[in-house]
Each structure stands twice: as structure tokens, then as C-alpha cells.
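K.L.:
Below: one structure in C-alpha cells.
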Amino acid sequence: MAFSRRSFLKYAAMSAGGAALADTPFISAEARAKAEGGNVKYVPTSCEMCFWKCGAVAKVVDGKVVKLEGNPFHPQSRGKLCARGQGGIGQLYDEDRLKHPMIIDGPRGAGKYREASWDEALTYVAKKLKAIAAKHGPESIGMMSHGSPGDYFTNVLKAMGSHNIAFPSFAQCKGIRDEAWLLTYGHKPGSSCEQVDLENSRVIVLIGTHLGENMHNSQNQEFAEAIGRGAKIICVDPRYSTAASKAAFWLPIKPGTDTALLLTWINIIISENWYDKEYVEKYTEGFEQVKEAVKQYTPEWAAQETELPMRQIVESVRELSRYAPNVVVHPGRHYSWYGNDTQRARAVAILNALLGTWGRKGGMWLPPKAKFAKFNDDTPAYPPASKPPLIKGNFPFAGGEGVTQVLRDATITGKPYPIKAWFVAGTNLMKTLPDQRLTRKAIDNLDFFVAVDLFPTETVMLADVILPECTYLERHDGLFKIKTREAGVAIRQPAVEPMYDSKPAWWIGSELCKKLGLNEYAVKGNGMDAWEGRMRRQAKAWGIDYDKLAKHTGYVTIPGSERPYITADNQPVFNTFSEKIELYSEDLEEEGFDPVPQYEEIEHPEKGMYRLIYGRSPVHTFSRTINTQWLWELEKENEVWLNKKEAVRLGVKNGEYVRLENQDGVRSNKIKTKVTERIRHDCVYMVHGFGHNAPRMKRANGSGADDQKLITKYIEDPITGGTGMRVNFVKIIKEA
């Protein structure tokens, strides 16, 4: 079913009569549909154009989604959607979507497939998985996933007896940060979102955190509000980012020296008595050890190491301290930088503790207080693993989400035992894992490879069986626990029926359980309404009116859950051994790591080479949305930022196409230069996710350059297993 831009505009014009209602903030979806009449309905749901899970409302006219808007009841959207959220219609009606199950019909990687029915495809998958489990054990089947589909296939693998399940979001994104905060506070710095109270903050520190480019909806709304009322921004970044353009202090730091700056700031705060003495005394352990450990990190030393003016280092931290505790050093997100990243995250956590930000207005709000009844729909316990899972490798603080490269390495080496099959859902591993050569080698070593996705990505087109999932606008997905300042529950439900022969991930997982003879782990009930029945039972267990949630608001608050700040009768709970914030970590010490972060130097590029850094676009989510029509029209290709003086030295002009070649001789395809004074001389920058090599994605294929192709080197963090990927150097190759 094609849905053109012209059709979209036509339907949008038809809905103009309801514009006044659309702008009315607190009217239910059902009431809006009745007021407009005709073949119009409004469906509250949850967006999955990124993983912020904003509340969205789909306007459906004559069975077609013609408009998406933010749900005013939902705290993650607050009535607004970003460009990516608006682009959900483009994803739904993208003609390049996977339409039918497909089974390989030629050598792996040749792109030759034949269409199959769901019964044939799932029967084939079950037969292959059972044979591999019988020969090598169920633990020889590994899974990697991202987003909502993972839950349903995690169920399949665990029911079979495999716990080799990993999520790239841990080692390649925020797992490193989360483990550092768990070591320090006994809490992650956020569940649904980071617990940063930006709307009340007086000073916000961003260290490589690109708000305004990383478009996490509600957080960016609060950031804009904070700037509007005069909050001061301190932005530490080698690039003059969107956030840096709003900053009172822009610190263009030498890449790799962030921990040097943080430890020096800690020293200044302690030595000049800026720290919150009462807070530190009451809620922390290990202050004296930290005080002693950071004495060596002087402003004079830091200025030399970071290549920042000493005055700027001192004045910025004094400005931060002056307004404490109504300040926050943002925990950040993508943390896979240099291979020593857990300790950098620890330094950020310690800095926040010294300033007394946890549980303070303008700092970091306390986790909401809410209890949800346990609900598993009477699914039996999973069988125990016959062999220990590999997913944590030799990293003592690798989290439960697993370390993806450990599974990849075992697939290549067969050690400590072989991984023979992969189940990959909702993630493009060729665009996610460092060193694509190793990922391809691992795939070539597999006996069997199943992919579940929306689009024919590079990774999908290497699979033996391809199972097409439908988009979030076509499926029930569950009731989501949302934890912001308050706790609440949101729904994802279909606005339209699944197109083509695509199916919801829950259905695919459930039917596969049946094919495997694991009926007790399948969804109860039959047909496409079975999962909604489960959602209704879950709502009942949680004491929630399902019909009100589905037809009216799309989100409900748990009453009394919002208690964001410390008061006499609302004290923080720290889930550490000492039940306090552990500035000095005995857990790390016992494993042979520094209990207080120490600065470690890293390798820097030689003359003529530049450190490759990368980031996000405000209109794209990683590589997931590059093919989405209206988002692609907004940004069709990425650029490489190059310092102006370096461009003059190289004879490169703004807008000229070049290629990048890394330290291992790997070259990118061509990329347009952005010659600018907004970046340091020793690095280049590009937006991640472009440069697809996926012929069936006609817009994304070949658009821009692939930064991941150039990331052939990475350094594993010995504490958590995070893959430090900003350790690659490139040179500029002028186009002939």
C-alpha cells in the first residue's frame, strides 16, 4: 500500500477542521474522534522511532494514519513529538519494508531469497534450532537484540535453555555508565530517562552530551526551558555542538582527557571547600580517601593535559559550585569512548555527590515510589542453563544485558564453547558493533542465522531466514512502566492492521514456541488478539483500567509515586553495601581496580591523522531511520567536520567530497566536508548511521559515509566490557 507525500498532505488538510481540538491539551482520544465524526479515530500509543518511548496519538482517517502528535498526558512527550516521531508515518508506509518471510536461496550474502509462508518459515527455523540444540546444546544459540522485540525472543531462547542473550545498548552505549552509578549510588542514573531535573537547574554541565542533537523529547524540552529562564550551561566538547552554542562556558577539551578535567574539578571543589559538607557527612562514604587521591590533579597540570586555559578550568567549576545543590553534571548516554570509561562515569557520579545533587531540586530527582504486582501470566520457570552463559565474559561488572562482542568472539573461536546460531532482532549489527570485519567473519561461521526486522538492512540480508516484523503503529506491544519524576503506565496498541504479511514480534515469538514444542511459553489464547488479552490481564493485576488507558489517555499515573526531592520524611535509599553513596568503592578494589578514579593517558593521533568522533542527528535514530522518506529528505547524507586551518593546510574546500582512511588502511566512501572553526584541529566529526550498503533500501543505500566501517579498532573497558570506539584515527584523502 503506497502512501505518498501528496496523500499525506491531502488527509492532513481534511483534518484541519479538528485543529482546535488537536491543540486542546486535555481531551481524550475517544472524545476527539466523536467530535470530528466520520471515519476518524484517534489512537493513543507509544512511539518507537527511538527508545525514549514517547506517548503518541495517531490520527486515522479511512483506515490510514495521516497524523502523529505527542500525547499531552504522557511525561515523555508532554504533548510534542520530535521530527523522528513525526516520521513514524514514513516508516509505516515505506515501500522498502520487509513484506514477507524469506528463506535464503543461494550463498550467504548474495542477497538471493525466496518468499515463504509463515508456517513454512517458522517450521524451518524450529527444525534448524532443534537440530543445533540437540548436537551442540541449547547454549550454542545466541541472541542479540535492541528495543521491544527482544522480550519475545528472549522468552524463546530461555525456554529452550539458552541464556546467551546480549543487547548492544550495554557495551556500545549506556551500560558502562549504569554500572558505574550502581557501584556508587546503588542506582542507575535513570530508567525511562536520566533523572536530571533540568527544568529547575541553575547550572547544567554536559560532557560530550549533545542535547539538541540527541533528541530525547522531554529532556530537550526541559533543556530549552532551562536556557529560557537563564540557567547556565557548561559544555565540555571538542566540537562546538548545538548545546555548546547555548553555553556560558564552552571547554573544547583535548579528546581523551575528560577524566583529567573531572578529577581536577573534584580537587578544586574539595580544596576550596565548595562541597556540600552536611550532605557528604550524612549520605556518603569514602570522602577522605577521595580527598587524598585527587590532590595530585592541580589546575596547572590539568591545563597542560586538557589543553584548556587554566582560568577556564577554575572559573567554570566555581560557577558550578556557587549554585549547588541546584545544579547537575549530566550522566550522559553513549559512553563507549576510550576503554577506561567506567572510571570516567564514576568521576561524574562522585562530582554530583560532592555537590549534593542527588535528591535535590535542580539536581537529580529521586526514583519514583511505586510497586507493581508481579505478573508473568502463569508462565512456568525457565529450565536452568546446562552451561554458564558467556555474555559477561571476563568483565566482573558486566551487567545483565550482556557484552555483545563476547558472543561474537565465541562464534569465531568456538571458545569457551561454540556459538552455532544467532537470533538477531531489531538491531543492525554491521552498524552497531566495532570492526565490521569480525562481525562478518562471525556470521560466516554460523550454522544458522535468523533475523527479525522491519527493513532489509546489511545484517538482515546476511540471514538464512528473514522474518518481517510490523511497525509499532501496527501492533500491540505491552504495558510499559514509565519512570520519570512519577511512575506511570503507558500502552502501545495498533493504529492500523499489519500491512503486507508482516507480524508483531510477540506473535512470531509465540508461534515459534509452539513449533519448538514449548507451548507452555507461548501466549495464552489464539489469534492476533491474544496479546491484547494478556495486556488486559496485566492491567487488572496492576489495578489499572485498561479501557480508559487504551481509549482515552494512553498513559496513567501511579498516585502518590512522585516524591522527587529529599525531605525529612522522604530520605534517599542507596542500594549499596554501606547504604550510602560510595565515593570509595571497595567492590572495585576487591577486583583489583582503582577504588577512586585515576587518570589514564590514551594514545593520540600522529601528525596528519585525526581522531574520529561521531554523534547523532536530531532527525535520525542511529541507522534505523535513514531510509524513512521525510526524514531522509531532511538529511540525506552526513558530513565530515574539519577544522578550518587544517582544511587550508590540506587544500580542502567546504562542500568538497573527500574520503577518510583509518590507521588500518580502511577507506570510507565519499563524504562532503564541512569546513568550520567549530571543531578542534586534532579531530574530525561525522554523524553516525549513514553509508548503508543495503541495495533494497533505495534511499539509504550509499547515502553518506559509514563511520562504523572506519571503527576497526576498539579497546575493551576491563571493568564492564564496554567497547571504547573513539580510538580510531583517520586521514583525509582528496577525491581525484
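Quick note on naming: the chains in the C-alpha cells go A, B, ... in the order shown, residues restart at 1 in each chain, and ligands are numbered from 1 in order of appearance.
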What lies within 8 Å of Pro325 in chain A using only C-alpha atoms, ignoring chain neighbours under 6 positions off, as a PDB file with N, CA, C and O atoms, in the first residue's frame?

P.N.:
```pdb
ATOM      1  N   ASP A 276      29.358  20.122  49.551  1.00  0.00           N
ATOM      2  CA  ASP A 276      28.238  20.185  50.498  1.00  0.00           C
ATOM      3  C   ASP A 276      28.582  19.323  51.713  1.00  0.00           C
ATOM      4  O   ASP A 276      28.373  18.112  51.722  1.00  0.00           O
ATOM      5  N   LEU A 355      28.594  17.725  45.265  1.00  0.00           N
ATOM      6  CA  LEU A 355      27.762  18.925  45.126  1.00  0.00           C
ATOM      7  C   LEU A 355      26.375  18.736  45.730  1.00  0.00           C
ATOM      8  O   LEU A 355      25.579  19.678  45.766  1.00  0.00           O
ATOM      9  N   GLY A 356      26.072  17.513  46.178  1.00  0.00           N
ATOM     10  CA  GLY A 356      24.797  17.241  46.838  1.00  0.00           C
ATOM     11  C   GLY A 356      23.608  17.263  45.914  1.00  0.00           C
ATOM     12  O   GLY A 356      22.506  17.669  46.311  1.00  0.00           O
ATOM     13  N   THR A 357      23.772  16.793  44.656  1.00  0.00           N
ATOM     14  CA  THR A 357      22.698  16.935  43.673  1.00  0.00           C
ATOM     15  C   THR A 357      21.641  15.844  43.747  1.00  0.00           C
ATOM     16  O   THR A 357      20.493  16.069  43.356  1.00  0.00           O
ATOM     17  N   ARG A 360      17.979  16.517  45.048  1.00  0.00           N
ATOM     18  CA  ARG A 360      17.843  17.953  45.297  1.00  0.00           C
ATOM     19  C   ARG A 360      17.251  18.641  44.072  1.00  0.00           C
ATOM     20  O   ARG A 360      17.513  18.265  42.930  1.00  0.00           O
ATOM     21  N   LYS A 361      16.476  19.673  44.326  1.00  0.00           N
ATOM     22  CA  LYS A 361      15.832  20.423  43.247  1.00  0.00           C
ATOM     23  C   LYS A 361      16.886  21.005  42.309  1.00  0.00           C
ATOM     24  O   LYS A 361      17.860  21.606  42.743  1.00  0.00           O
ATOM     25  N   GLY A 362      16.678  20.804  41.014  1.00  0.00           N
ATOM     26  CA  GLY A 362      17.636  21.272  40.028  1.00  0.00           C
ATOM     27  C   GLY A 362      18.813  20.348  39.842  1.00  0.00           C
ATOM     28  O   GLY A 362      19.672  20.596  38.999  1.00  0.00           O
ATOM     29  N   GLY A 363      18.849  19.259  40.636  1.00  0.00           N
ATOM     30  CA  GLY A 363      19.925  18.280  40.520  1.00  0.00           C
ATOM     31  C   GLY A 363      19.416  17.016  39.867  1.00  0.00           C
ATOM     32  O   GLY A 363      19.115  16.998  38.669  1.00  0.00           O
TER      33      GLY A 363
END
```

K.L.:
Taking only C-alpha atoms into account, produce a table as CSV in which each residue of range 112-191 of chain A with an atom at most 8 Å from an atom of range 454-478 of chain A appears once, together with its shortest atom pair and the distance in Å to one decimal, ordered by chain and rising number.

P.N.:
```
residue,atom,partner,partner_atom,distance
A:Ala121,CA,A:Val465,CA,7.2
A:Val125,CA,A:Val465,CA,7.4
A:Ser148,CA,A:Asp477,CA,7.4
```

K.L.:
List as an MDAnalysis selection string the protein and nucleic acid residues near Ala260 in chain A, meaning an atom at most 8 Å away when only C-alpha atoms are counted, but skip any in the same chain fewer than 6 places from it.

P.N.:
chainID A and resid 297 302 305:306 599

K.L.:
Please save N, CA and C atoms of the selected residues as an mmCIF file, in the first residue's frame.

P.N.:
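Writing done, so here's result-v1.cif:
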```
data_model
loop_
_atom_site.group_PDB
_atom_site.id
_atom_site.type_symbol
_atom_site.label_atom_id
_atom_site.label_comp_id
_atom_site.auth_asym_id
_atom_site.auth_seq_id
_atom_site.Cartn_x
_atom_site.Cartn_y
_atom_site.Cartn_z
ATOM 1 N N TYR A 297 45.909 16.260 41.165
ATOM 2 C CA TYR A 297 45.304 16.793 39.948
ATOM 3 C C TYR A 297 45.060 18.298 40.113
ATOM 4 N N ALA A 302 46.171 20.130 34.877
ATOM 5 C CA ALA A 302 45.022 19.871 34.006
ATOM 6 C C ALA A 302 45.055 20.751 32.760
ATOM 7 N N GLU A 305 47.345 19.129 30.386
ATOM 8 C CA GLU A 305 46.869 17.837 29.887
ATOM 9 C C GLU A 305 45.678 17.988 28.945
ATOM 10 N N THR A 306 44.739 18.873 29.295
ATOM 11 C CA THR A 306 43.492 19.017 28.533
ATOM 12 C C THR A 306 43.586 20.039 27.412
ATOM 13 N N TYR A 599 43.491 9.111 36.613
ATOM 14 C CA TYR A 599 43.610 9.480 35.210
ATOM 15 C C TYR A 599 44.555 8.533 34.484
#
```

K.L.:
Could I get the residues of range 540-603 of chain A with an atom no further than 6 Å from an atom of range 177-199 of chain A, each paired with its nearest atom pair and that distance in Å to one decimal, using only C-alpha atoms, sorted by chain and residue number, as CSV?

P.N.:
```
residue,atom,partner,partner_atom,distance
A:Phe574,CA,A:Gly186,CA,5.3
A:Asn575,CA,A:Gly186,CA,4.1
A:Thr576,CA,A:Gly186,CA,4.8
A:Ile581,CA,A:Tyr185,CA,4.8
A:Glu582,CA,A:Thr184,CA,4.8
```

K.L.:
Can you pull out the residues contacting range 507-522 of chain A? Cut-off 7 Å, using only C-alpha atoms, and skip same-chain residues under 4 positions away; I want them as an MDAnalysis selection string.

P.N.:
chainID A and resid 122:123 126 152:153 156 159 379 503

K.L.:
Can you write just those residues out, C-alpha atoms, as a PDB file, in the first residue's frame?

P.N.:
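Once written, part33.pdb looks like this:
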```pdb
ATOM      1  CA  LEU A 122       8.752 -20.923  11.339  1.00  0.00           C
ATOM      2  CA  THR A 123       8.732 -24.685  10.823  1.00  0.00           C
ATOM      3  CA  ALA A 126      12.282 -24.536  14.619  1.00  0.00           C
ATOM      4  CA  TYR A 152       9.605 -12.023  22.973  1.00  0.00           C
ATOM      5  CA  PHE A 153      12.692 -13.758  21.622  1.00  0.00           C
ATOM      6  CA  VAL A 156      12.079 -18.261  23.217  1.00  0.00           C
ATOM      7  CA  ALA A 159      12.582 -21.559  27.182  1.00  0.00           C
ATOM      8  CA  THR A 379       4.323 -18.822  32.544  1.00  0.00           C
ATOM      9  CA  LYS A 503       3.541  -9.768  12.022  1.00  0.00           C
TER      10      LYS A 503
END
```

K.L.:
Give the answer as one residue: which of A:Pro367, A:Pro396, A:Pro380, A:Gly286 has the shortest atom-to-atom distance to Glu590 in chain A, using only C-alpha atoms?

P.N.:
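Residue with the minimum atom-to-atom distance to Glu590 in chain A: A:Pro396.
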
K.L.:
Using only C-alpha atoms, can you tell me which of A:Val684, A:Ala425, A:Val61, A:Leu262 comes closest to Phe449 in chain A?

P.N.:
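Result for the nearest residue to Phe449 in chain A: A:Ala425.
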
K.L.:
I'd like the interatomic distance between CA of Lys645 in chain A and CA of Gly691 in chain A, to a tenth of an Å.

P.N.:
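Atom-to-atom, CA of Lys645 in chain A to CA of Gly691 in chain A, that is 27.0 Å.
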
K.L.:
Could you find all residues in range 421-533 of chain A that DSSP calls helix (DSSP H, G or I) from the backbone, and write them as a PyMOL selection string?

P.N.:
chain A and resi 429-431+436-445+460-462+472-474+505-515+519-521+530-533

K.L.:
Can you pull out every residue within 9 Å of Ile207 in chain A, counting only C-alpha atoms, but drop anything in the same chain fewer than 5 positions away, and send it as a list in words?

P.N.:
Ile234, Cys235, Val236, Asp237, Asp258, Val329, His330, Pro331 and Gly332 of chain A
